[in-house]
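Colleague: Just run-v5.pdb, nothing more (PDB, C-alpha atoms and all ligand atoms):
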ATOM      1  CA  MET A  98      61.284 -37.451 -64.593
ATOM      2  CA  GLU A  99      64.535 -36.345 -66.194
ATOM      3  CA  LYS A 100      66.036 -33.208 -64.626
ATOM      4  CA  HIS A 101      65.515 -31.205 -67.818
ATOM      5  CA  ALA A 102      61.925 -32.451 -68.393
ATOM      6  CA  ARG A 103      59.401 -29.686 -68.965
ATOM      7  CA  ILE A 104      57.118 -29.698 -65.936
ATOM      8  CA  TYR A 105      53.964 -27.586 -65.725
ATOM      9  CA  ILE A 106      52.672 -26.844 -62.225
ATOM     10  CA  ALA A 107      49.086 -25.596 -62.493
ATOM     11  CA  GLY A 108      48.238 -23.628 -59.344
ATOM     12  CA  HIS A 109      51.844 -22.794 -58.436
ATOM     13  CA  ARG A 110      50.858 -19.996 -56.054
ATOM     14  CA  GLY A 111      48.688 -22.198 -53.847
ATOM     15  CA  LEU A 112      49.627 -24.208 -50.773
ATOM     16  CA  VAL A 113      50.334 -27.441 -52.680
ATOM     17  CA  GLY A 114      51.563 -25.983 -55.978
ATOM     18  CA  SER A 115      54.110 -23.766 -54.255
ATOM     19  CA  ALA A 116      55.395 -26.719 -52.209
ATOM     20  CA  ILE A 117      55.766 -28.819 -55.380
ATOM     21  CA  ILE A 118      57.750 -25.992 -57.011
ATOM     22  CA  ARG A 119      60.055 -25.634 -53.976
ATOM     23  CA  ARG A 120      60.693 -29.347 -54.012
ATOM     24  CA  LEU A 121      61.321 -29.580 -57.771
ATOM     25  CA  ARG A 122      63.805 -26.671 -57.604
ATOM     26  CA  GLN A 123      65.540 -28.257 -54.636
ATOM     27  CA  ASP A 124      65.888 -31.516 -56.565
ATOM     28  CA  GLY A 125      67.491 -29.743 -59.528
ATOM     29  CA  TYR A 126      64.633 -29.669 -62.026
ATOM     30  CA  THR A 127      65.399 -26.749 -64.290
ATOM     31  CA  ASN A 128      62.594 -26.572 -66.803
ATOM     32  CA  LEU A 129      59.545 -25.585 -64.723
ATOM     33  CA  LEU A 130      56.550 -24.026 -66.370
ATOM     34  CA  THR A 131      54.032 -21.823 -64.556
ATOM     35  CA  ALA A 132      51.387 -19.267 -65.474
ATOM     36  CA  THR A 133      49.454 -16.972 -63.163
ATOM     37  CA  SER A 134      45.671 -16.816 -63.482
ATOM     38  CA  GLN A 135      46.099 -13.427 -65.185
ATOM     39  CA  GLU A 136      48.391 -15.006 -67.778
ATOM     40  CA  LEU A 137      46.255 -18.108 -68.278
ATOM     41  CA  ASP A 138      42.614 -18.503 -67.241
ATOM     42  CA  LEU A 139      42.299 -22.266 -66.761
ATOM     43  CA  ARG A 140      38.513 -21.992 -67.145
ATOM     44  CA  ASP A 141      39.012 -20.866 -70.749
ATOM     45  CA  GLN A 142      39.183 -23.916 -72.990
ATOM     46  CA  ALA A 143      40.722 -22.191 -76.027
ATOM     47  CA  ALA A 144      43.361 -20.474 -73.895
ATOM     48  CA  VAL A 145      44.338 -23.723 -72.154
ATOM     49  CA  ARG A 146      44.611 -25.580 -75.466
ATOM     50  CA  ALA A 147      46.764 -22.844 -76.972
ATOM     51  CA  PHE A 148      48.988 -22.862 -73.872
ATOM     52  CA  PHE A 149      49.587 -26.627 -74.091
ATOM     53  CA  GLU A 150      50.200 -26.499 -77.856
ATOM     54  CA  LYS A 151      52.767 -23.752 -77.439
ATOM     55  CA  GLU A 152      54.482 -24.885 -74.240
ATOM     56  CA  ARG A 153      54.381 -28.674 -74.755
ATOM     57  CA  PRO A 154      54.985 -29.828 -71.172
ATOM     58  CA  ASP A 155      56.149 -33.390 -70.496
ATOM     59  CA  TYR A 156      54.665 -33.616 -67.003
ATOM     60  CA  VAL A 157      51.740 -31.829 -65.348
ATOM     61  CA  PHE A 158      50.938 -31.391 -61.654
ATOM     62  CA  LEU A 159      47.292 -30.268 -61.577
ATOM     63  CA  ALA A 160      47.134 -28.385 -58.262
ATOM     64  CA  ALA A 161      44.965 -25.507 -59.473
ATOM     65  CA  ALA A 162      41.500 -25.320 -57.936
ATOM     66  CA  LYS A 163      38.888 -23.015 -56.530
ATOM     67  CA  VAL A 164      39.177 -23.777 -52.792
ATOM     68  CA  GLY A 165      37.673 -22.448 -49.583
ATOM     69  CA  GLY A 166      36.157 -23.297 -46.248
ATOM     70  CA  ILE A 167      32.646 -24.201 -45.224
ATOM     71  CA  LEU A 168      31.327 -20.639 -45.474
ATOM     72  CA  ALA A 169      32.718 -19.976 -48.946
ATOM     73  CA  ASN A 170      31.320 -23.308 -50.152
ATOM     74  CA  SER A 171      27.836 -22.507 -48.934
ATOM     75  CA  ASN A 172      27.861 -18.930 -50.295
ATOM     76  CA  PHE A 173      29.317 -19.710 -53.731
ATOM     77  CA  PRO A 174      28.277 -23.264 -54.681
ATOM     78  CA  ALA A 175      28.107 -22.462 -58.387
ATOM     79  CA  ASP A 176      31.640 -21.054 -58.403
ATOM     80  CA  PHE A 177      32.972 -24.139 -56.656
ATOM     81  CA  ILE A 178      31.412 -26.679 -58.988
ATOM     82  CA  TYR A 179      31.727 -24.765 -62.265
ATOM     83  CA  GLN A 180      35.263 -23.446 -61.894
ATOM     84  CA  ASN A 181      36.698 -26.743 -60.717
ATOM     85  CA  LEU A 182      34.983 -28.736 -63.468
ATOM     86  CA  MET A 183      36.270 -26.341 -66.118
ATOM     87  CA  ILE A 184      39.849 -26.294 -64.796
ATOM     88  CA  GLU A 185      40.057 -30.103 -64.698
ATOM     89  CA  ALA A 186      38.328 -30.766 -67.997
ATOM     90  CA  ASN A 187      40.378 -28.162 -69.861
ATOM     91  CA  VAL A 188      43.741 -29.187 -68.452
ATOM     92  CA  ILE A 189      43.131 -32.934 -68.788
ATOM     93  CA  GLU A 190      41.840 -32.801 -72.366
ATOM     94  CA  SER A 191      44.587 -30.370 -73.430
ATOM     95  CA  ALA A 192      47.205 -32.597 -71.799
ATOM     96  CA  ARG A 193      45.940 -35.543 -73.856
ATOM     97  CA  LEU A 194      45.901 -33.539 -77.084
ATOM     98  CA  ALA A 195      49.429 -32.321 -76.438
ATOM     99  CA  GLY A 196      50.554 -35.923 -75.835
ATOM    100  CA  ILE A 197      52.149 -35.263 -72.476
ATOM    101  CA  GLU A 198      54.022 -38.010 -70.635
ATOM    102  CA  LYS A 199      52.148 -38.003 -67.322
ATOM    103  CA  LEU A 200      49.706 -35.976 -65.209
ATOM    104  CA  LEU A 201      49.017 -35.974 -61.463
ATOM    105  CA  PHE A 202      45.643 -34.647 -60.320
ATOM    106  CA  LEU A 203      45.225 -33.324 -56.771
ATOM    107  CA  GLY A 204      41.931 -34.290 -55.168
ATOM    108  CA  SER A 205      40.810 -34.012 -51.569
ATOM    109  CA  THR A 206      39.522 -36.267 -48.821
ATOM    110  CA  CYS A 207      36.142 -34.510 -48.978
ATOM    111  CA  ILE A 208      35.386 -36.831 -51.917
ATOM    112  CA  TYR A 209      34.676 -39.591 -49.355
ATOM    113  CA  PRO A 210      31.151 -40.215 -48.058
ATOM    114  CA  LYS A 211      30.079 -38.291 -44.978
ATOM    115  CA  MET A 212      29.432 -41.436 -42.955
ATOM    116  CA  ALA A 213      32.313 -43.566 -44.266
ATOM    117  CA  PRO A 214      34.175 -45.649 -41.652
ATOM    118  CA  GLN A 215      37.571 -44.344 -40.453
ATOM    119  CA  PRO A 216      40.321 -44.506 -41.486
ATOM    120  CA  LEU A 217      39.120 -43.607 -44.970
ATOM    121  CA  LYS A 218      40.079 -46.220 -47.523
ATOM    122  CA  GLU A 219      40.314 -45.396 -51.219
ATOM    123  CA  GLU A 220      37.590 -47.901 -52.086
ATOM    124  CA  TYR A 221      34.977 -45.910 -50.123
ATOM    125  CA  LEU A 222      34.730 -43.452 -53.018
ATOM    126  CA  LEU A 223      31.123 -43.268 -54.298
ATOM    127  CA  THR A 224      29.696 -45.755 -51.819
ATOM    128  CA  ALA A 225      27.356 -43.350 -49.952
ATOM    129  CA  PRO A 226      26.177 -39.695 -49.874
ATOM    130  CA  LEU A 227      28.662 -36.832 -49.457
ATOM    131  CA  GLU A 228      28.879 -34.191 -46.737
ATOM    132  CA  PRO A 229      26.304 -31.676 -48.049
ATOM    133  CA  THR A 230      28.230 -28.526 -47.053
ATOM    134  CA  ASN A 231      31.001 -29.101 -49.586
ATOM    135  CA  GLU A 232      29.363 -31.407 -52.078
ATOM    136  CA  TRP A 233      29.825 -28.861 -54.891
ATOM    137  CA  TYR A 234      33.562 -28.979 -54.529
ATOM    138  CA  ALA A 235      33.557 -32.733 -53.865
ATOM    139  CA  VAL A 236      31.467 -33.561 -56.953
ATOM    140  CA  ALA A 237      33.857 -31.546 -59.123
ATOM    141  CA  LYS A 238      36.871 -33.333 -57.607
ATOM    142  CA  ILE A 239      35.198 -36.721 -58.150
ATOM    143  CA  ALA A 240      34.661 -35.721 -61.785
ATOM    144  CA  GLY A 241      38.411 -34.973 -61.993
ATOM    145  CA  ILE A 242      39.209 -38.465 -60.689
ATOM    146  CA  LYS A 243      36.808 -40.013 -63.193
ATOM    147  CA  LEU A 244      38.331 -37.963 -66.016
ATOM    148  CA  CYS A 245      41.772 -39.347 -65.192
ATOM    149  CA  GLN A 246      40.429 -42.912 -65.020
ATOM    150  CA  ALA A 247      38.473 -42.544 -68.263
ATOM    151  CA  TYR A 248      41.479 -41.104 -70.102
ATOM    152  CA  GLN A 249      43.605 -43.982 -68.847
ATOM    153  CA  ARG A 250      41.076 -46.513 -70.134
ATOM    154  CA  GLN A 251      40.186 -44.947 -73.446
ATOM    155  CA  TYR A 252      43.465 -43.315 -74.454
ATOM    156  CA  GLY A 253      46.075 -45.046 -72.295
ATOM    157  CA  CYS A 254      47.042 -41.690 -70.776
ATOM    158  CA  LYS A 255      49.154 -41.888 -67.610
ATOM    159  CA  PHE A 256      46.870 -39.629 -65.588
ATOM    160  CA  ILE A 257      46.817 -40.400 -61.846
ATOM    161  CA  SER A 258      44.840 -38.967 -58.905
ATOM    162  CA  VAL A 259      45.945 -38.425 -55.309
ATOM    163  CA  MET A 260      43.913 -37.453 -52.214
ATOM    164  CA  PRO A 261      45.843 -35.524 -49.591
ATOM    165  CA  THR A 262      44.517 -35.232 -46.048
ATOM    166  CA  ASN A 263      44.369 -31.847 -44.176
ATOM    167  CA  LEU A 264      47.478 -29.922 -45.177
ATOM    168  CA  TYR A 265      49.370 -27.105 -43.501
ATOM    169  CA  GLY A 266      52.598 -25.206 -44.065
ATOM    170  CA  PRO A 267      54.008 -22.150 -45.854
ATOM    171  CA  GLU A 268      51.627 -20.196 -48.112
ATOM    172  CA  ASP A 269      48.596 -21.371 -46.142
ATOM    173  CA  ASN A 270      45.624 -19.063 -45.583
ATOM    174  CA  PHE A 271      46.037 -17.411 -42.154
ATOM    175  CA  ASP A 272      42.828 -15.371 -42.299
ATOM    176  CA  LEU A 273      40.819 -16.135 -39.151
ATOM    177  CA  GLU A 274      37.467 -15.949 -40.949
ATOM    178  CA  SER A 275      38.233 -18.426 -43.711
ATOM    179  CA  SER A 276      41.233 -20.501 -42.620
ATOM    180  CA  HIS A 277      41.501 -24.039 -41.332
ATOM    181  CA  VAL A 278      42.356 -24.766 -37.730
ATOM    182  CA  MET A 279      46.164 -24.994 -37.894
ATOM    183  CA  PRO A 280      46.872 -21.555 -39.413
ATOM    184  CA  ALA A 281      44.064 -20.055 -37.300
ATOM    185  CA  LEU A 282      45.663 -21.314 -34.090
ATOM    186  CA  ILE A 283      49.125 -20.121 -35.140
ATOM    187  CA  ARG A 284      47.749 -16.627 -35.698
ATOM    188  CA  LYS A 285      45.616 -16.623 -32.531
ATOM    189  CA  PHE A 286      48.425 -17.753 -30.200
ATOM    190  CA  HIS A 287      50.862 -15.358 -31.853
ATOM    191  CA  GLN A 288      48.534 -12.378 -31.435
ATOM    192  CA  ALA A 289      47.683 -13.309 -27.851
ATOM    193  CA  ARG A 290      51.369 -13.552 -26.931
ATOM    194  CA  GLN A 291      52.148 -10.233 -28.595
ATOM    195  CA  GLN A 292      49.274  -8.428 -26.966
ATOM    196  CA  GLY A 293      49.798 -10.079 -23.594
ATOM    197  CA  GLU A 294      46.313 -11.562 -23.513
ATOM    198  CA  PRO A 295      45.568 -14.080 -20.734
ATOM    199  CA  THR A 296      43.622 -16.570 -22.881
ATOM    200  CA  VAL A 297      43.249 -17.972 -26.395
ATOM    201  CA  THR A 298      39.860 -19.158 -27.552
ATOM    202  CA  VAL A 299      39.716 -22.420 -29.481
ATOM    203  CA  TRP A 300      36.469 -23.264 -31.248
ATOM    204  CA  GLY A 301      34.396 -26.265 -30.255
ATOM    205  CA  THR A 302      35.032 -28.816 -27.505
ATOM    206  CA  GLY A 303      38.635 -29.605 -28.461
ATOM    207  CA  LYS A 304      37.631 -33.275 -28.797
ATOM    208  CA  PRO A 305      37.427 -33.744 -32.593
ATOM    209  CA  LEU A 306      40.280 -35.731 -34.096
ATOM    210  CA  ARG A 307      42.172 -34.483 -37.149
ATOM    211  CA  GLU A 308      45.168 -35.628 -39.153
ATOM    212  CA  PHE A 309      47.691 -32.983 -40.284
ATOM    213  CA  LEU A 310      50.165 -33.458 -43.121
ATOM    214  CA  HIS A 311      52.902 -30.911 -43.767
ATOM    215  CA  VAL A 312      52.641 -29.709 -47.350
ATOM    216  CA  ASP A 313      56.345 -30.484 -47.963
ATOM    217  CA  ASP A 314      55.577 -34.132 -47.178
ATOM    218  CA  CYS A 315      52.638 -33.876 -49.581
ATOM    219  CA  ALA A 316      54.919 -32.496 -52.315
ATOM    220  CA  ASP A 317      57.382 -35.319 -51.616
ATOM    221  CA  ALA A 318      54.538 -37.849 -52.036
ATOM    222  CA  CYS A 319      53.411 -36.206 -55.286
ATOM    223  CA  LEU A 320      56.916 -36.470 -56.781
ATOM    224  CA  PHE A 321      57.193 -40.044 -55.518
ATOM    225  CA  LEU A 322      53.886 -41.043 -57.135
ATOM    226  CA  MET A 323      54.728 -39.218 -60.359
ATOM    227  CA  GLU A 324      57.843 -41.420 -60.540
ATOM    228  CA  HIS A 325      56.490 -44.697 -59.218
ATOM    229  CA  TYR A 326      52.729 -45.026 -59.711
ATOM    230  CA  GLU A 327      50.645 -45.539 -62.822
ATOM    231  CA  GLY A 328      47.464 -47.143 -61.517
ATOM    232  CA  GLU A 329      43.887 -46.151 -62.176
ATOM    233  CA  GLU A 330      43.009 -46.281 -58.483
ATOM    234  CA  ILE A 331      43.210 -43.130 -56.383
ATOM    235  CA  VAL A 332      45.913 -42.927 -53.685
ATOM    236  CA  ASN A 333      45.534 -41.268 -50.263
ATOM    237  CA  ILE A 334      48.371 -39.100 -48.950
ATOM    238  CA  GLY A 335      48.434 -38.783 -45.181
ATOM    239  CA  VAL A 336      50.271 -39.450 -41.969
ATOM    240  CA  GLY A 337      48.050 -42.303 -40.792
ATOM    241  CA  SER A 338      47.579 -40.907 -37.278
ATOM    242  CA  ASP A 339      45.586 -38.083 -35.764
ATOM    243  CA  LEU A 340      45.338 -35.945 -32.640
ATOM    244  CA  THR A 341      42.604 -33.990 -30.889
ATOM    245  CA  ILE A 342      42.118 -30.268 -31.475
ATOM    246  CA  ALA A 343      42.974 -29.762 -27.766
ATOM    247  CA  GLU A 344      46.300 -31.574 -28.271
ATOM    248  CA  LEU A 345      46.963 -29.521 -31.388
ATOM    249  CA  ALA A 346      46.230 -26.300 -29.489
ATOM    250  CA  GLU A 347      48.732 -27.339 -26.806
ATOM    251  CA  LEU A 348      51.434 -27.957 -29.439
ATOM    252  CA  VAL A 349      50.820 -24.600 -31.134
ATOM    253  CA  LYS A 350      50.826 -22.872 -27.740
ATOM    254  CA  GLN A 351      54.269 -24.350 -26.988
ATOM    255  CA  ALA A 352      55.681 -23.546 -30.437
ATOM    256  CA  VAL A 353      54.576 -19.934 -30.180
ATOM    257  CA  GLY A 354      55.610 -19.577 -26.532
ATOM    258  CA  PHE A 355      52.237 -18.422 -25.254
ATOM    259  CA  GLU A 356      51.970 -18.760 -21.495
ATOM    260  CA  GLY A 357      48.281 -18.095 -20.853
ATOM    261  CA  GLU A 358      45.267 -20.395 -20.791
ATOM    262  CA  ILE A 359      43.356 -22.159 -23.541
ATOM    263  CA  VAL A 360      39.568 -21.791 -23.401
ATOM    264  CA  PHE A 361      37.104 -23.719 -25.532
ATOM    265  CA  ASP A 362      34.154 -21.940 -27.121
ATOM    266  CA  THR A 363      31.573 -24.713 -27.314
ATOM    267  CA  SER A 364      29.091 -22.445 -29.073
ATOM    268  CA  LYS A 365      31.247 -22.977 -32.192
ATOM    269  CA  PRO A 366      30.798 -26.194 -34.199
ATOM    270  CA  ASP A 367      33.067 -29.222 -33.819
ATOM    271  CA  GLY A 368      32.393 -30.471 -37.318
ATOM    272  CA  THR A 369      32.946 -34.117 -38.065
ATOM    273  CA  PRO A 370      34.209 -36.069 -34.999
ATOM    274  CA  ARG A 371      37.133 -37.639 -36.857
ATOM    275  CA  LYS A 372      38.877 -37.376 -40.223
ATOM    276  CA  LEU A 373      41.738 -39.756 -40.882
ATOM    277  CA  VAL A 374      42.866 -41.402 -44.099
ATOM    278  CA  ASP A 375      44.063 -44.953 -44.531
ATOM    279  CA  VAL A 376      47.622 -44.789 -45.867
ATOM    280  CA  SER A 377      48.214 -48.521 -46.449
ATOM    281  CA  ARG A 378      48.229 -48.108 -50.221
ATOM    282  CA  ILE A 379      50.904 -45.396 -50.373
ATOM    283  CA  ASN A 380      52.912 -47.072 -47.601
ATOM    284  CA  ALA A 381      52.876 -50.327 -49.583
ATOM    285  CA  LEU A 382      54.216 -48.412 -52.587
ATOM    286  CA  GLY A 383      57.159 -47.375 -50.397
ATOM    287  CA  TRP A 384      56.312 -43.881 -49.154
ATOM    288  CA  ARG A 385      55.599 -42.446 -45.726
ATOM    289  CA  ALA A 386      55.387 -38.976 -44.200
ATOM    290  CA  ILE A 387      58.482 -37.912 -42.257
ATOM    291  CA  ILE A 388      57.933 -34.400 -40.876
ATOM    292  CA  PRO A 389      56.976 -34.646 -37.178
ATOM    293  CA  ILE A 390      54.089 -32.339 -36.336
ATOM    294  CA  GLU A 391      56.122 -30.402 -33.715
ATOM    295  CA  GLU A 392      58.747 -29.605 -36.348
ATOM    296  CA  GLY A 393      56.126 -28.774 -38.957
ATOM    297  CA  ILE A 394      54.370 -26.342 -36.607
ATOM    298  CA  ALA A 395      57.691 -24.697 -35.664
ATOM    299  CA  SER A 396      58.742 -24.156 -39.290
ATOM    300  CA  THR A 397      55.275 -22.961 -40.295
ATOM    301  CA  TYR A 398      55.348 -20.481 -37.407
ATOM    302  CA  ARG A 399      58.742 -19.215 -38.597
ATOM    303  CA  TRP A 400      57.283 -18.754 -42.094
ATOM    304  CA  PHE A 401      54.303 -16.914 -40.615
ATOM    305  CA  LEU A 402      56.626 -14.578 -38.655
ATOM    306  CA  GLU A 403      58.650 -13.782 -41.766
ATOM    307  CA  ASN A 404      55.739 -13.368 -44.129
ATOM    308  CA  LYS A 405      52.472 -12.623 -42.369
ATOM    309  CA  ALA A 406      53.032 -11.333 -38.855
TER     310      ALA A 406
HETATM  311  P1  LIG B   1      37.424 -29.314 -40.798
HETATM  312  O1  LIG B   1      38.595 -30.213 -40.603
HETATM  313  O2  LIG B   1      36.831 -29.395 -42.159
HETATM  314  O3  LIG B   1      36.403 -29.495 -39.711
HETATM  315  O4  LIG B   1      37.929 -27.798 -40.740
HETATM  316  P2  LIG B   1      38.719 -26.854 -39.729
HETATM  317  O5  LIG B   1      40.192 -27.048 -39.875
HETATM  318  O6  LIG B   1      38.204 -25.476 -40.002
HETATM  319  O7  LIG B   1      38.270 -27.257 -38.238
HETATM  320  C1  LIG B   1      38.790 -28.385 -37.572
HETATM  321  C2  LIG B   1      38.389 -28.347 -36.106
HETATM  322  O8  LIG B   1      39.128 -27.321 -35.440
HETATM  323  C3  LIG B   1      36.896 -28.053 -35.845
HETATM  324  O9  LIG B   1      36.478 -28.874 -34.778
HETATM  325  C4  LIG B   1      36.942 -26.593 -35.409
HETATM  326  O10 LIG B   1      35.855 -26.246 -34.573
HETATM  327  C5  LIG B   1      38.248 -26.575 -34.620
HETATM  328  N1  LIG B   1      38.795 -25.224 -34.398
HETATM  329  C6  LIG B   1      39.207 -24.745 -33.194
HETATM  330  N2  LIG B   1      39.598 -23.472 -33.290
HETATM  331  C7  LIG B   1      39.476 -23.129 -34.596
HETATM  332  C8  LIG B   1      39.739 -21.927 -35.319
HETATM  333  O11 LIG B   1      40.165 -20.905 -34.761
HETATM  334  N3  LIG B   1      39.509 -21.952 -36.650
HETATM  335  C9  LIG B   1      39.059 -23.076 -37.292
HETATM  336  N4  LIG B   1      38.880 -23.035 -38.621
HETATM  337  N5  LIG B   1      38.766 -24.214 -36.627
HETATM  338  C10 LIG B   1      38.979 -24.248 -35.305
END
Take the structure in the file and write it out as C-alpha cells.

Modeller:
Amino acid sequence: MEKHARIYIAGHRGLVGSAIIRRLRQDGYTNLLTATSQELDLRDQAAVRAFFEKERPDYVFLAAAKVGGILANSNFPADFIYQNLMIEANVIESARLAGIEKLLFLGSTCIYPKMAPQPLKEEYLLTAPLEPTNEWYAVAKIAGIKLCQAYQRQYGCKFISVMPTNLYGPEDNFDLESSHVMPALIRKFHQARQQGEPTVTVWGTGKPLREFLHVDDCADACLFLMEHYEGEEIVNIGVGSDLTIAELAELVKQAVGFEGEIVFDTSKPDGTPRKLVDVSRINALGWRAIIPIEEGIASTYRWFLENKA
C-alpha cells in the first residue's frame, strides 16, 4: 500500500476498525476514508454502490459488522444474520464494481465447528456443525468468506479473509451485561478497588482456557496480510497460547491493584472449555503477535481510566 493510497475502513468506530485506523495513521497513511452508519448505511445496496463510485477507494478493510455476545445473538438472530449478510454482500460487490486493488474481510473464530479439535486449524471450516448459540452470526461470516473466495475465482479480485481470535483493547465494550471477559474483569476489579470491596466475583469455575490477542496486534496482522497475502484460504490471527480464566483474573487484579479476594460463581456458565487458534499459517508467512498480555492489560486499563471510568 502506497502512503497516499485511498484506504476505506468500514466499521472504523469498532474495536478492530479503530485499531486499524490508529495503526494506519501512525504509519503515515494520509488518505483514509471513513463513514459513520448515519452517513452510510452499509445494509443499503444503492447507497453502498454510490459511495464506492464516488469515493473510489484503492484498499478496503471490511471491519463493519453487527456484533454481540451470547444473549444478543439469541434475542436477535434475524438481525445478526440479515445485517451481516447485507453488509458483506454490498461492500464486496461494490468493491468489485469499483475495481478496487484489494479487500480484507474480518471474520471470527466462531466460524469453526463447535466440536473441532484444538488448536483450531483453518481447514476445519465447514467440517462439522456450528455452536448453535451464535450460528446466525457464524453463518453470515462464513458467507463473507465464501464471497471473497468466489470473487477471487470468478473475477480475480484480491479479496482475502482473516479470522482473529478473542480480541481486547481500547474501544472495547465494558458493559458488564454484554461484554466479554477481559473488559468485564477490568471494570469489576476497578470498581471493587474504588469502593473498597473485599471480593470480586468471576463467573464460572475459572478453569476454561482462552486466548487473548491485543487489538493493536490484530491491526498489525491485518496490515501485514494486506501487504503480503493474496491466497484464497482463510488465515487465523492469534497468539498461539492460552491461559485459564483464573490466571487472567489474577493478572487483571494485579494490573488494577486490587488487594481483596477472587471468588468464583459456579452458578454462571463456563462456556466452551477451550478456544485457541492454530497460528502456523500466519507464522509461516512471517508474522507473530508481540504484545505481552500483562502489557496489553495495563494499557487497556489506562485507556479505560481515561475514557470509561
Ligand atoms: P466466550 O469466550 O465466548 O466464552 O465469552 P466470554 O469472554 O464472555 O467468557 C469467557 C469465560 O470467562 C467464560 O468461562 C465466562 O464464564 C468467564 N467469565 C468470568 N467472569 C466473567 C465476566 O464477568 N463476564 C464474562 N463475559 N465472562 C466471564

Colleague: Hey, which of A:Leu129, A:Ala161, A:Leu223, A:Leu168 ends up closest to Cys207 of chain A? Count all atoms listed in the file.

Modeller: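 Closest residue, counting all atoms listed in the file: A:Leu223.
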
Colleague: Given the PyMOL selection byres (((chain A and resi 346) around 10) and not hetatm) and the file above, list the residues it selects as an MDAnalysis selection string.

Modeller: chainID A and resid 278:279 282:283 286 297:299 303 341:345 347:352 359

Colleague: Mind writing the picked residues with C-alpha atoms as a compact mmCIF listing (two decimals), keeping the file's coordinate frame?

Modeller:
# COMPACT_ATOMS: atom_id res chain seq x y z
CA VAL A 278 42.36 -24.77 -37.73
CA MET A 279 46.16 -24.99 -37.89
CA LEU A 282 45.66 -21.31 -34.09
CA ILE A 283 49.12 -20.12 -35.14
CA PHE A 286 48.42 -17.75 -30.20
CA VAL A 297 43.25 -17.97 -26.40
CA THR A 298 39.86 -19.16 -27.55
CA VAL A 299 39.72 -22.42 -29.48
CA GLY A 303 38.64 -29.60 -28.46
CA THR A 341 42.60 -33.99 -30.89
CA ILE A 342 42.12 -30.27 -31.48
CA ALA A 343 42.97 -29.76 -27.77
CA GLU A 344 46.30 -31.57 -28.27
CA LEU A 345 46.96 -29.52 -31.39
CA GLU A 347 48.73 -27.34 -26.81
CA LEU A 348 51.43 -27.96 -29.44
CA VAL A 349 50.82 -24.60 -31.13
CA LYS A 350 50.83 -22.87 -27.74
CA GLN A 351 54.27 -24.35 -26.99
CA ALA A 352 55.68 -23.55 -30.44
CA ILE A 359 43.36 -22.16 -23.54

Colleague: Go through A:Thr262, A:Thr363, A:Gln142, A:Ser191 and flag the residue nearest Trp300 of chain A, using all atoms listed in the file for the distances.

Modeller: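 Closest residue, counting all atoms listed in the file: A:Thr363.
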
Colleague: What lies within 12 Å of Leu121 of chain A using all atoms listed in the file, ignoring chain neighbours under 4 positions off, as a PyMOL selection string?

Modeller: chain A and resi 98-106+109+114-117+125-130+158+313+316-317+319-321+323

Colleague: Take atom CA of Asp367 of chain A and atom CA of Pro226 of chain A and report the distance between them in Å, one decimal.

Modeller: 20.4 Å

Colleague: Where does the PyMOL selection byres (((chain A and resi 379) around 12) and not hetatm) land in this file, that is, which residues does it pick, as number ranges by chain?

Modeller: A: 218-219, 259-261, 315, 318-319, 321-322, 325-326, 328, 330-337, 374-378, 380-386
